[in-house]
>>> print(open('input.txt').read())   # compact mmCIF, C-alpha atoms and all ligand atoms
# COMPACT_ATOMS: atom_id res chain seq x y z
CA MET A 579 4.25 27.97 0.37
CA LEU A 580 4.41 30.27 -2.65
CA SER A 581 1.54 28.69 -4.57
CA ALA A 582 -0.87 31.57 -3.85
CA ILE A 583 1.61 34.07 -5.22
CA GLU A 584 2.04 31.91 -8.29
CA GLN A 585 -1.71 31.92 -8.89
CA MET A 586 -2.35 35.57 -8.10
CA ASP A 587 0.74 37.40 -9.30
CA SER A 588 2.97 35.59 -11.70
CA VAL A 589 5.24 38.61 -12.11
CA VAL A 590 6.24 38.76 -8.45
CA PHE A 591 6.28 34.97 -8.23
CA ASP A 592 8.74 34.78 -11.08
CA LEU A 593 11.03 37.37 -9.49
CA ILE A 594 11.01 35.56 -6.15
CA GLN A 595 11.82 32.29 -7.91
CA GLN A 596 14.74 33.94 -9.67
CA GLU A 597 16.06 35.30 -6.38
CA GLN A 598 15.70 31.87 -4.78
CA THR A 599 17.74 30.36 -7.60
CA ARG A 600 20.37 33.08 -7.26
CA GLN A 601 20.67 32.45 -3.53
CA ALA A 602 20.91 28.68 -4.06
CA ASN A 603 23.45 28.83 -6.88
CA SER A 604 25.89 31.35 -5.52
CA ILE A 605 28.43 31.46 -2.76
CA ARG A 606 26.98 34.28 -0.68
CA MET A 607 29.75 35.93 1.30
CA ILE A 608 28.29 39.27 2.29
CA PRO A 609 29.06 38.97 6.01
CA SER A 610 25.75 40.52 7.11
CA GLU A 611 23.70 37.94 5.19
CA ASN A 612 22.56 34.44 6.04
CA TYR A 613 19.94 31.81 5.23
CA VAL A 614 17.10 31.39 7.72
CA SER A 615 15.39 28.08 8.40
CA LYS A 616 12.06 27.25 6.79
CA ALA A 617 10.44 27.63 10.21
CA VAL A 618 11.68 31.22 10.51
CA MET A 619 10.66 31.93 6.93
CA GLN A 620 7.14 30.62 7.47
CA ALA A 621 6.65 32.60 10.66
CA THR A 622 7.52 35.80 8.80
CA GLY A 623 4.81 34.94 6.27
CA SER A 624 2.14 34.10 8.84
CA CYS A 625 -1.22 35.70 9.82
CA LEU A 626 0.60 37.75 12.45
CA THR A 627 1.31 40.25 9.70
CA ASN A 628 -2.38 41.18 9.99
CA LYS A 629 -2.25 42.26 13.62
CA TYR A 630 -1.73 45.69 15.18
CA ALA A 631 -0.22 45.55 18.65
CA GLU A 632 0.93 49.05 19.63
CA GLY A 633 2.21 49.03 23.19
CA TYR A 634 3.73 46.14 25.12
CA PRO A 635 2.42 42.82 26.50
CA GLY A 636 -0.30 43.53 29.04
CA LYS A 637 -0.49 47.19 28.03
CA ARG A 638 -1.69 47.54 24.44
CA TYR A 639 -3.75 50.18 22.73
CA TYR A 640 -5.76 47.75 20.61
CA GLU A 641 -7.84 44.73 21.62
CA GLY A 642 -7.39 41.17 20.43
CA GLN A 643 -3.95 40.67 21.96
CA GLN A 644 -4.58 37.23 23.50
CA ILE A 645 -1.94 35.65 21.27
CA THR A 646 0.41 38.53 20.46
CA ASP A 647 1.19 39.10 24.14
CA GLN A 648 2.27 35.47 24.48
CA ILE A 649 4.42 35.67 21.36
CA GLU A 650 6.20 38.86 22.38
CA ASN A 651 6.78 37.55 25.93
CA LEU A 652 8.21 34.35 24.48
CA ALA A 653 10.60 36.28 22.20
CA ARG A 654 11.68 38.52 25.10
CA ASP A 655 12.20 35.58 27.47
CA ARG A 656 14.22 33.63 24.90
CA ALA A 657 16.35 36.69 24.11
CA LYS A 658 17.09 37.26 27.81
CA LYS A 659 17.94 33.59 28.30
CA LEU A 660 20.16 33.32 25.22
CA PHE A 661 22.21 36.40 26.08
CA SER A 662 21.86 36.36 29.90
CA ALA A 663 20.36 39.83 29.70
CA GLU A 664 18.23 41.45 32.39
CA ALA A 665 15.74 43.01 29.98
CA ALA A 666 14.88 42.98 26.28
CA ASN A 667 12.89 44.96 23.74
CA VAL A 668 12.18 42.94 20.59
CA GLN A 669 10.19 45.58 18.70
CA PRO A 670 12.77 47.62 16.72
CA HIS A 671 12.04 47.21 13.02
CA SER A 672 15.75 46.84 12.33
CA GLY A 673 19.22 47.63 13.65
CA SER A 674 19.29 51.29 12.68
CA PRO A 675 16.05 52.27 14.47
CA ALA A 676 17.24 50.24 17.48
CA ASN A 677 20.31 52.44 17.68
CA LEU A 678 18.50 55.72 17.27
CA ALA A 679 15.88 54.67 19.85
CA THR A 680 18.68 53.78 22.27
CA TYR A 681 20.45 57.12 21.91
CA LEU A 682 17.21 59.05 22.34
CA ALA A 683 16.35 56.98 25.43
CA LEU A 684 19.61 57.91 27.14
CA ILE A 685 20.58 61.42 26.00
CA GLU A 686 19.25 64.65 24.50
CA PRO A 687 19.62 65.61 20.83
CA GLY A 688 22.77 67.72 20.49
CA SER A 689 24.71 65.71 23.08
CA THR A 690 28.04 64.19 22.13
CA ILE A 691 28.25 60.60 20.96
CA MET A 692 31.41 58.76 20.00
CA GLY A 693 31.58 55.79 17.63
CA LEU A 694 33.87 54.12 15.11
CA ALA A 695 34.12 56.04 11.82
CA LEU A 696 32.34 54.41 8.89
CA PRO A 697 35.44 54.06 6.66
CA HIS A 698 37.14 52.27 9.57
CA GLY A 699 34.32 49.75 9.97
CA GLY A 700 31.76 51.64 12.02
CA HIS A 701 28.08 51.70 11.08
CA LEU A 702 26.26 54.70 9.61
CA THR A 703 24.24 54.93 12.81
CA HIS A 704 27.34 55.28 14.99
CA GLY A 705 27.34 58.99 14.19
CA TRP A 706 28.46 59.12 10.56
CA LYS A 707 27.53 62.45 9.02
CA VAL A 708 25.04 61.27 6.36
CA SER A 709 23.06 59.41 9.05
CA TYR A 710 20.64 61.33 11.27
CA THR A 711 22.72 60.06 14.18
CA GLY A 712 25.52 62.30 12.89
CA GLN A 713 23.12 65.22 12.55
CA PHE A 714 20.95 65.01 15.69
CA PHE A 715 24.01 64.54 17.87
CA ASN A 716 27.44 66.09 18.14
CA SER A 717 29.38 63.18 16.74
CA VAL A 718 33.02 62.42 17.45
CA GLN A 719 34.48 59.47 15.55
CA TYR A 720 37.39 57.26 16.57
CA GLU A 721 39.48 55.38 14.02
CA LEU A 722 41.53 52.20 13.81
CA ASN A 723 45.28 52.34 14.17
CA PRO A 724 46.34 52.64 10.50
CA ALA A 725 49.51 50.61 11.05
CA THR A 726 47.87 47.59 12.71
CA GLY A 727 44.31 47.85 11.40
CA ARG A 728 43.18 47.35 14.98
CA LEU A 729 41.28 49.26 17.63
CA ASP A 730 43.63 51.45 19.64
CA TYR A 731 42.10 51.56 23.12
CA ASP A 732 44.57 54.15 24.44
CA LYS A 733 43.71 56.52 21.62
CA ILE A 734 39.98 55.95 22.14
CA ALA A 735 40.48 56.75 25.84
CA ASP A 736 42.34 59.97 24.98
CA LEU A 737 39.65 61.06 22.55
CA ALA A 738 36.96 60.30 25.13
CA LYS A 739 38.80 62.39 27.74
CA GLN A 740 39.05 65.25 25.28
CA HIS A 741 35.41 65.25 24.07
CA LYS A 742 33.54 63.81 27.09
CA PRO A 743 30.85 61.96 25.10
CA LYS A 744 27.54 61.09 26.77
CA ILE A 745 27.53 57.80 24.86
CA LEU A 746 30.50 55.69 23.79
CA ILE A 747 29.55 53.15 21.12
CA SER A 748 31.40 49.88 20.67
CA GLY A 749 30.76 47.51 17.79
CA SER A 750 31.36 47.45 14.09
CA SER A 751 30.25 46.32 10.64
CA ALA A 752 33.63 45.54 9.11
CA TYR A 753 36.11 44.84 11.91
CA PRO A 754 37.68 41.38 11.55
CA ARG A 755 39.07 41.20 15.08
CA ALA A 756 37.69 40.46 18.53
CA ILE A 757 36.44 43.49 20.40
CA ASP A 758 37.29 43.89 24.10
CA PHE A 759 34.03 45.25 25.49
CA SER A 760 35.46 45.44 29.01
CA LYS A 761 37.97 48.04 27.80
CA PHE A 762 35.20 50.10 26.20
CA ASP A 763 33.29 49.93 29.46
CA GLU A 764 36.30 51.14 31.42
CA ILE A 765 36.75 54.09 29.04
CA ALA A 766 33.05 54.96 29.15
CA LYS A 767 33.00 54.83 32.97
CA SER A 768 36.15 56.97 33.21
CA VAL A 769 34.40 59.86 31.43
CA GLY A 770 30.88 59.28 32.79
CA ALA A 771 29.49 58.07 29.45
CA TYR A 772 26.96 55.37 28.80
CA HIS A 773 28.46 52.39 27.03
CA VAL A 774 26.19 51.33 24.15
CA SER A 775 27.38 48.22 22.37
CA ASP A 776 26.10 47.33 18.90
CA MET A 777 26.70 43.61 18.35
CA ALA A 778 24.72 43.43 15.07
CA HIS A 779 27.35 41.49 13.14
CA ILE A 780 28.51 39.18 15.90
CA ALA A 781 25.29 38.45 17.84
CA GLY A 782 25.40 34.83 16.65
CA LEU A 783 29.03 34.50 17.67
CA VAL A 784 28.19 35.91 21.09
CA ALA A 785 25.21 33.54 21.41
CA GLY A 786 27.49 30.65 20.40
CA LYS A 787 30.10 31.80 22.94
CA VAL A 788 32.92 32.24 20.42
CA HIS A 789 33.15 36.00 21.02
CA MET A 790 33.20 37.94 24.30
CA SER A 791 29.68 39.05 25.20
CA PRO A 792 29.08 42.78 25.57
CA ILE A 793 26.10 42.18 27.88
CA PRO A 794 28.05 42.32 31.18
CA TYR A 795 30.02 45.38 30.04
CA ALA A 796 27.49 47.65 28.36
CA ASP A 797 24.58 49.65 29.69
CA VAL A 798 22.61 48.89 26.56
CA VAL A 799 23.29 46.38 23.77
CA THR A 800 21.64 46.72 20.38
CA THR A 801 21.62 44.19 17.58
CA THR A 802 20.09 43.15 14.33
CA THR A 803 18.50 39.73 14.32
CA HIS A 804 19.24 38.63 10.75
CA LYS A 805 23.04 38.45 10.52
CA THR A 806 25.06 35.76 12.34
CA LEU A 807 22.08 35.28 14.67
CA ARG A 808 20.22 33.81 11.65
CA GLY A 809 16.77 35.19 12.42
CA PRO A 810 14.28 37.33 10.51
CA ARG A 811 15.17 40.89 9.51
CA GLY A 812 14.73 42.95 12.63
CA GLY A 813 16.33 44.63 15.61
CA MET A 814 16.54 44.04 19.33
CA ILE A 815 17.71 45.93 22.40
CA LEU A 816 19.06 44.20 25.49
CA CYS A 817 19.81 46.15 28.62
CA LYS A 818 20.13 46.33 32.36
CA GLU A 819 16.78 46.45 34.15
CA GLU A 820 17.29 50.10 35.12
CA TYR A 821 17.14 51.25 31.48
CA ILE A 822 14.28 49.18 30.09
CA LYS A 823 11.55 51.70 30.95
CA ALA A 824 13.31 54.46 29.03
CA ILE A 825 14.20 52.10 26.16
CA ASN A 826 10.62 50.86 25.85
CA LYS A 827 9.26 54.41 25.81
CA SER A 828 11.80 55.43 23.21
CA VAL A 829 11.01 52.52 20.84
CA PHE A 830 7.22 53.01 21.25
CA PRO A 831 5.83 55.64 21.11
CA GLY A 832 9.12 57.49 20.57
CA MET A 833 10.35 55.94 17.31
CA GLN A 834 7.76 53.51 16.02
CA GLY A 835 4.08 52.67 15.89
CA GLY A 836 2.96 49.06 15.68
CA PRO A 837 5.48 46.28 16.16
CA HIS A 838 5.85 43.75 13.34
CA MET A 839 4.38 40.77 15.14
CA HIS A 840 5.11 38.37 12.27
CA THR A 841 8.79 39.28 12.58
CA ILE A 842 8.68 38.95 16.35
CA SER A 843 7.15 35.48 16.04
CA ALA A 844 9.94 34.53 13.61
CA LEU A 845 12.47 35.97 16.03
CA ALA A 846 11.07 33.73 18.78
CA VAL A 847 11.60 30.74 16.47
CA ALA A 848 15.15 31.83 15.59
CA LEU A 849 16.03 32.41 19.25
CA GLY A 850 14.73 28.92 19.98
CA GLU A 851 17.10 27.60 17.32
CA ALA A 852 19.98 29.60 18.77
CA LEU A 853 19.22 28.17 22.23
CA SER A 854 19.61 24.63 20.91
CA PRO A 855 22.99 23.02 21.69
CA ASN A 856 24.19 22.77 18.07
CA PHE A 857 24.14 26.53 17.57
CA ALA A 858 27.52 26.76 19.33
CA ASP A 859 28.91 24.35 16.73
CA TYR A 860 27.58 26.59 13.97
CA ALA A 861 29.21 29.67 15.53
CA ALA A 862 32.54 27.88 15.98
CA GLN A 863 32.48 26.66 12.38
CA ILE A 864 31.81 30.20 11.09
CA VAL A 865 35.05 31.32 12.75
CA ALA A 866 37.04 28.23 11.74
CA ASN A 867 35.98 28.77 8.14
CA ALA A 868 36.90 32.46 8.18
CA LYS A 869 40.32 31.66 9.64
CA ARG A 870 41.08 29.02 7.01
CA LEU A 871 39.89 31.31 4.21
CA ALA A 872 42.08 34.11 5.57
CA GLU A 873 45.14 31.86 5.72
CA LYS A 874 44.68 30.69 2.14
CA LEU A 875 44.08 34.21 0.82
CA MET A 876 47.29 35.41 2.48
CA GLU A 877 49.15 32.50 0.91
CA TYR A 878 47.96 33.85 -2.46
CA GLY A 879 49.48 37.22 -1.57
CA PHE A 880 46.34 39.06 -0.57
CA ASP A 881 46.78 41.70 2.09
CA LEU A 882 44.17 41.38 4.85
CA VAL A 883 43.42 44.28 7.16
CA SER A 884 44.89 43.42 10.60
CA GLY A 885 46.57 40.36 9.07
CA GLY A 886 43.70 37.93 9.51
CA THR A 887 40.45 37.42 11.38
CA ASP A 888 39.07 36.41 14.79
CA ASN A 889 35.43 36.40 13.74
CA HIS A 890 33.17 35.79 10.74
CA LEU A 891 34.58 38.39 8.36
CA ILE A 892 37.63 39.29 6.36
CA LEU A 893 38.54 42.69 5.02
CA MET A 894 40.88 42.54 2.06
CA ASP A 895 43.04 45.54 1.16
CA LEU A 896 43.65 45.44 -2.60
CA ARG A 897 46.12 48.33 -2.81
CA ASN A 898 49.11 45.97 -3.01
CA LYS A 899 47.49 44.44 -6.11
CA GLY A 900 47.01 47.84 -7.71
CA LEU A 901 43.26 47.24 -7.68
CA THR A 902 40.10 48.71 -6.20
CA GLY A 903 37.24 46.68 -4.80
CA LYS A 904 34.48 47.32 -7.30
CA PRO A 905 35.86 45.63 -10.45
CA LEU A 906 36.86 42.57 -8.44
CA ALA A 907 33.52 42.39 -6.62
CA LYS A 908 31.71 42.63 -9.97
CA ALA A 909 33.88 39.97 -11.62
CA LEU A 910 33.38 37.66 -8.62
CA ASP A 911 29.63 38.20 -8.86
CA ARG A 912 29.80 37.01 -12.49
CA ALA A 913 31.49 33.89 -11.10
CA HIS A 914 28.59 33.52 -8.58
CA ILE A 915 30.71 34.56 -5.60
CA VAL A 916 28.94 37.49 -3.96
CA MET A 917 30.69 39.94 -1.64
CA ASN A 918 30.82 43.70 -1.26
CA TYR A 919 33.45 46.33 -1.91
CA ASN A 920 34.35 48.25 1.20
CA SER A 921 36.59 51.02 2.47
CA VAL A 922 39.75 50.02 4.31
CA PRO A 923 41.46 52.05 7.07
CA GLY A 924 43.34 54.96 5.53
CA ASP A 925 41.55 54.53 2.19
CA THR A 926 41.90 57.50 -0.14
CA ALA A 927 39.65 56.03 -2.85
CA GLY A 928 36.02 57.17 -2.57
CA PRO A 929 33.13 55.14 -1.09
CA PHE A 930 31.83 54.12 -4.55
CA ASN A 931 35.03 52.39 -5.56
CA PRO A 932 37.02 51.86 -2.36
CA SER A 933 40.20 49.81 -2.04
CA GLY A 934 38.79 46.88 -0.12
CA LEU A 935 36.59 43.84 -0.35
CA ARG A 936 34.56 42.57 2.60
CA MET A 937 33.59 38.92 2.85
CA GLY A 938 32.23 36.60 5.50
CA THR A 939 31.35 33.00 6.24
CA PRO A 940 27.95 32.98 8.06
CA ALA A 941 25.80 32.01 5.05
CA ILE A 942 28.13 29.43 3.51
CA THR A 943 28.61 27.87 6.95
CA THR A 944 24.83 27.55 7.24
CA ARG A 945 24.97 25.51 4.01
CA GLY A 946 27.38 23.12 5.71
CA MET A 947 30.60 24.22 4.02
CA LYS A 948 33.78 23.60 5.99
CA GLU A 949 37.52 24.34 5.85
CA GLU A 950 38.00 22.22 2.73
CA GLN A 951 35.53 24.33 0.77
CA MET A 952 37.21 27.52 2.01
CA GLU A 953 40.35 26.45 0.19
CA LEU A 954 38.40 26.15 -3.07
CA ILE A 955 36.83 29.54 -2.55
CA ALA A 956 40.20 31.19 -1.90
CA ARG A 957 41.51 29.66 -5.12
CA TRP A 958 38.54 30.98 -7.12
CA ILE A 959 38.95 34.45 -5.65
CA ASN A 960 42.60 34.42 -6.64
CA THR A 961 41.88 33.11 -10.14
CA VAL A 962 39.21 35.74 -10.80
CA CYS A 963 41.49 38.45 -9.42
CA ASP A 964 44.23 37.41 -11.86
CA ASN A 965 41.78 37.26 -14.78
CA LEU A 966 39.56 40.29 -14.35
CA GLU A 967 39.24 40.80 -18.11
CA ASN A 968 39.06 37.14 -19.08
CA GLU A 969 35.39 36.14 -19.24
CA ASP A 970 36.21 32.55 -20.20
CA VAL A 971 38.14 32.01 -16.99
CA ILE A 972 35.48 33.79 -14.95
CA ASN A 973 32.75 31.63 -16.51
CA LYS A 974 34.71 28.48 -15.81
CA CYS A 975 35.04 29.48 -12.14
CA GLY A 976 31.32 30.25 -12.10
CA LYS A 977 30.52 26.72 -13.33
CA GLU A 978 32.71 25.18 -10.63
CA VAL A 979 31.06 27.41 -8.02
CA GLN A 980 27.63 26.21 -9.09
CA GLU A 981 28.76 22.59 -8.90
CA LEU A 982 29.91 23.17 -5.33
CA CYS A 983 26.62 24.88 -4.47
CA ALA A 984 24.72 21.85 -5.79
CA GLN A 985 26.63 19.70 -3.28
CA PHE A 986 25.54 21.98 -0.41
CA PRO A 987 21.78 22.48 -0.76
CA LEU A 988 20.07 24.90 1.58
CA PRO A 989 19.05 23.05 4.73
CA ASP A 990 15.37 23.25 5.67
CA SER A 991 16.08 23.27 9.38
CA PHE A 992 18.96 23.45 11.81
CA VAL A 993 17.43 21.72 14.84
CA GLN A 994 15.58 18.49 15.50
CA PRO A 995 11.79 18.88 15.17
CA GLN A 996 10.09 19.09 18.58
C1 LIG A 1001 23.84 45.99 10.02
C2 LIG A 1001 24.17 46.89 11.14
C3 LIG A 1001 23.23 47.76 11.71
C4 LIG A 1001 21.88 48.07 11.17
O1 LIG A 1001 21.21 47.31 10.43
P1 LIG A 1001 19.89 47.54 9.60
O2 LIG A 1001 19.07 46.40 10.06
O3 LIG A 1001 20.36 47.43 8.20
O4 LIG A 1001 19.31 48.84 9.93
C5 LIG A 1001 23.59 48.48 12.82
N1 LIG A 1001 24.80 48.36 13.36
C6 LIG A 1001 25.74 47.57 12.83
C7 LIG A 1001 27.07 47.50 13.49
C8 LIG A 1001 25.47 46.82 11.69
O5 LIG A 1001 26.43 46.06 11.16
>>> encode(input="input.txt", output="structure tokens", more="lines below")
Ligand SMILES: *Cc1c(COP(=O)(O)O)cnc(C)c1O
Amino acid sequence: MLSAIEQMDSVVFDLIQQEQTRQANSIRMIPSENYVSKAVMQATGSCLTNKYAEGYPGKRYYEGQQITDQIENLARDRAKKLFSAEAANVQPHSGSPANLATYLALIEPGSTIMGLALPHGGHLTHGWKVSYTGQFFNSVQYELNPATGRLDYDKIADLAKQHKPKILISGSSAYPRAIDFSKFDEIAKSVGAYHVSDMAHIAGLVAGKVHMSPIPYADVVTTTTHKTLRGPRGGMILCKEEYIKAINKSVFPGMQGGPHMHTISALAVALGEALSPNFADYAAQIVANAKRLAEKLMEYGFDLVSGGTDNHLILMDLRNKGLTGKPLAKALDRAHIVMNYNSVPGDTAGPFNPSGLRMGTPAITTRGMKEEQMELIARWINTVCDNLENEDVINKCGKEVQELCAQFPLPDSFVQPQ
């Protein structure tokens, strides 16, 4: 597949090969990352990258759409089927533009939006001040309960009553617990707000029915397509029929020009995979793995925000170890275990060296790892944490990690060929 690159540009070829090796030989635990199937990968590298298709199926601004219309309709139909959604827009280039397009479809710039604060697990685009969503709108941010590390629905309701947002956003990038979307909907309705739910991290868990779906409880649901959903990098908006006209207009021509048809074709493939019966097993194993990993880490004395996990991710609070996240994340990376440092609720350390570590199981579960391997991983994390300055120990862990990786090669596909 890469032979043309090898012939034409050995520099880029070599870099891609190095990245492929890195991905194969490390335990990748950044919870927003995954491995896609070869089928999804090949669709993203197909001739569809050559095609302009501004507009929507049946109503384009360029000719030659005999095939693109079929592909986009297929992706939309599969998305609607998978999530039982009334309507879908599969054109957002990624999760962030999907969110901005959604806000601008529903409300005016300057209106009040309310989302989870970034240091408490919210996403930049939920109104954090460095994001345009925190600048174009009057942003009010809710926080987790610092004592429990959990969403406090009564407090969110009080804040909503006080500020009367036009949009209430549910969803998170670093929240290890189940989210009750019905409660968000109740709060939104009680103040006349739209409920926008961003299921970027958990879309695969929702598709696999191991997390409550936001679809019945939100006016509009946004998502990325490349996290637990295991598709190409991209974004998607699912909504009730009554909003799709405004959403479509907001995505194109409001936010974007031409859709990335190669990505949309890959999304159709990924949604096909997610519609296959074994995807539910994958989703369930992601959660089982995260739970076992959490248990083992707590046995080693690690403090986990909220005391565990219900989903694919774990947020570790290192303050009881007298540590911050960055040195541990860097030492783990040297041992080929890749995760990211992250703020924890109530963190007073800055965003460049916060007190937490965020890790997740979607990618390692794709490789076929199970509970047994989670126990090994917990042990390595603990060993590296106790030996931050000891390169010999870190190297030894790294060797063991690579041996484990060799036993779990990247699968080419996740479904039976048709
Ligand atoms: C990852 C993420 C996004 C946006 O993703 P990009 O594709 O990186 O723009 C939006 N919302 C949430 C909750 C996320 O976790």
>>> residues_near_ligand(input="input.txt", ligand="ligand LIG 1001 (chain A)", cutoff="9 Å", atoms="all atoms listed in the file", output="VMD selection string")
chain A and resid 610 671 to 677 699 to 704 748 to 752 775 to 780 800 to 805 811 to 813
>>> residues_near_point(input="input.txt", point="(37.1, 57.4, 20.5)", cutoff="7 Å", atoms="only C-alpha atoms", output="PDB file with C-alpha atoms, keeping the file's coordinate frame")
ATOM      1  CA  MET A 692      31.410  58.760  20.000  1.00  0.00           C
ATOM      2  CA  GLY A 693      31.580  55.790  17.630  1.00  0.00           C
ATOM      3  CA  GLN A 719      34.480  59.470  15.550  1.00  0.00           C
ATOM      4  CA  TYR A 720      37.390  57.260  16.570  1.00  0.00           C
ATOM      5  CA  LYS A 733      43.710  56.520  21.620  1.00  0.00           C
ATOM      6  CA  ILE A 734      39.980  55.950  22.140  1.00  0.00           C
ATOM      7  CA  ALA A 735      40.480  56.750  25.840  1.00  0.00           C
ATOM      8  CA  LEU A 737      39.650  61.060  22.550  1.00  0.00           C
ATOM      9  CA  ALA A 738      36.960  60.300  25.130  1.00  0.00           C
TER      10      ALA A 738
END
>>> closest_residue(input="input.txt", among="A:Glu978, A:Lys742, A:Leu678, A:His838", to="Phe714 (chain A)", atoms="all atoms listed in the file")
A:Leu678
>>> closest_residue(input="input.txt", among="A:Ser760, A:Thr726, A:Thr622, A:Asn826", to="Pro794 (chain A)", atoms="all atoms listed in the file")
A:Ser760
>>> closest_residue(input="input.txt", among="A:Ala602, A:Ala582, A:Gln648, A:Thr939", to="Ala861 (chain A)", atoms="all atoms listed in the file")
A:Thr939
>>> residues_near_point(input="input.txt", point="(13.2, 43.7, 22.1)", cutoff="9 Å", atoms="only C-alpha atoms", output="NGL selection string")
:A and (650 or 653-654 or 657 or 665-670 or 676 or 813-816 or 826 or 842)
>>> write_last_selection(input="input.txt", atoms="C-alpha atoms", output="compact mmCIF listing (two decimals), keeping the file's coordinate frame")
# COMPACT_ATOMS: atom_id res chain seq x y z
CA GLU A 650 6.20 38.86 22.38
CA ALA A 653 10.60 36.28 22.20
CA ARG A 654 11.68 38.52 25.10
CA ALA A 657 16.35 36.69 24.11
CA ALA A 665 15.74 43.01 29.98
CA ALA A 666 14.88 42.98 26.28
CA ASN A 667 12.89 44.96 23.74
CA VAL A 668 12.18 42.94 20.59
CA GLN A 669 10.19 45.58 18.70
CA PRO A 670 12.77 47.62 16.72
CA ALA A 676 17.24 50.24 17.48
CA GLY A 813 16.33 44.63 15.61
CA MET A 814 16.54 44.04 19.33
CA ILE A 815 17.71 45.93 22.40
CA LEU A 816 19.06 44.20 25.49
CA ASN A 826 10.62 50.86 25.85
CA ILE A 842 8.68 38.95 16.35
>>> atom_distance(input="input.txt", atom1="CA of Asp730 (chain A)", atom2="CA of Tyr919 (chain A)")
24.4 Å
>>> residues_around(input="input.txt", residues="Gln644 (chain A)", least_positions_apart="5", cutoff="12 Å", atoms="all atoms listed in the file", output="list of chain:residue names")
A:Lys629, A:Ala631, A:Pro635, A:Gly636, A:Lys637, A:Arg638, A:Ile649, A:Glu650, A:Asn651
>>> atom_distance(input="input.txt", atom1="CA of Lys977 (chain A)", atom2="CA of Leu935 (chain A)")
22.3 Å
>>> atom_distance(input="input.txt", atom1="CA of Ile825 (chain A)", atom2="CA of Ala683 (chain A)")
5.4 Å
>>> closest_residue(input="input.txt", among="A:Tyr639, A:Phe591, A:Tyr630, A:Tyr795", to="Glu764 (chain A)", atoms="all atoms listed in the file")
A:Tyr795
>>> closest_residue(input="input.txt", among="A:Phe830, A:Ile959, A:Asp895, A:Thr711", to="Lys874 (chain A)", atoms="only C-alpha atoms")
A:Ile959
>>> closest_residue(input="input.txt", among="A:Ser581, A:Arg600, A:Ile793, A:Tyr613", to="Asp911 (chain A)", atoms="all atoms listed in the file")
A:Arg600
>>> decode(input="input.txt", residues="region 741-750 of chain A", atoms="N, CA, C and O atoms", output="compact mmCIF listing (two decimals), in the first residue's frame")
# COMPACT_ATOMS: atom_id res chain seq x y z
N HIS A 741 -28.12 31.13 35.19
CA HIS A 741 -27.55 31.76 33.97
C HIS A 741 -28.42 31.60 32.74
O HIS A 741 -28.15 32.22 31.71
N LYS A 742 -29.45 30.74 32.80
CA LYS A 742 -30.35 30.54 31.65
C LYS A 742 -29.61 30.38 30.32
O LYS A 742 -29.79 31.19 29.40
N PRO A 743 -28.78 29.34 30.19
CA PRO A 743 -28.07 29.15 28.92
C PRO A 743 -29.04 28.83 27.79
O PRO A 743 -30.13 28.29 28.04
N LYS A 744 -28.64 29.13 26.56
CA LYS A 744 -29.43 28.74 25.38
C LYS A 744 -29.08 27.30 24.99
O LYS A 744 -29.88 26.61 24.37
N ILE A 745 -27.83 26.91 25.32
CA ILE A 745 -27.41 25.53 25.06
C ILE A 745 -26.77 24.97 26.32
O ILE A 745 -25.91 25.62 26.92
N LEU A 746 -27.20 23.77 26.71
CA LEU A 746 -26.52 23.03 27.78
C LEU A 746 -25.80 21.85 27.12
O LEU A 746 -26.42 21.08 26.38
N ILE A 747 -24.50 21.77 27.37
CA ILE A 747 -23.69 20.72 26.72
C ILE A 747 -23.40 19.60 27.72
O ILE A 747 -22.90 19.86 28.82
N SER A 748 -23.71 18.37 27.32
CA SER A 748 -23.28 17.22 28.11
C SER A 748 -22.19 16.50 27.34
O SER A 748 -22.09 16.63 26.12
N GLY A 749 -21.36 15.77 28.05
CA GLY A 749 -20.28 15.04 27.40
C GLY A 749 -18.94 15.53 27.88
O GLY A 749 -18.84 16.62 28.43
N SER A 750 -17.92 14.72 27.66
CA SER A 750 -16.64 14.98 28.30
C SER A 750 -15.49 14.30 27.58
O SER A 750 -15.70 13.38 26.79
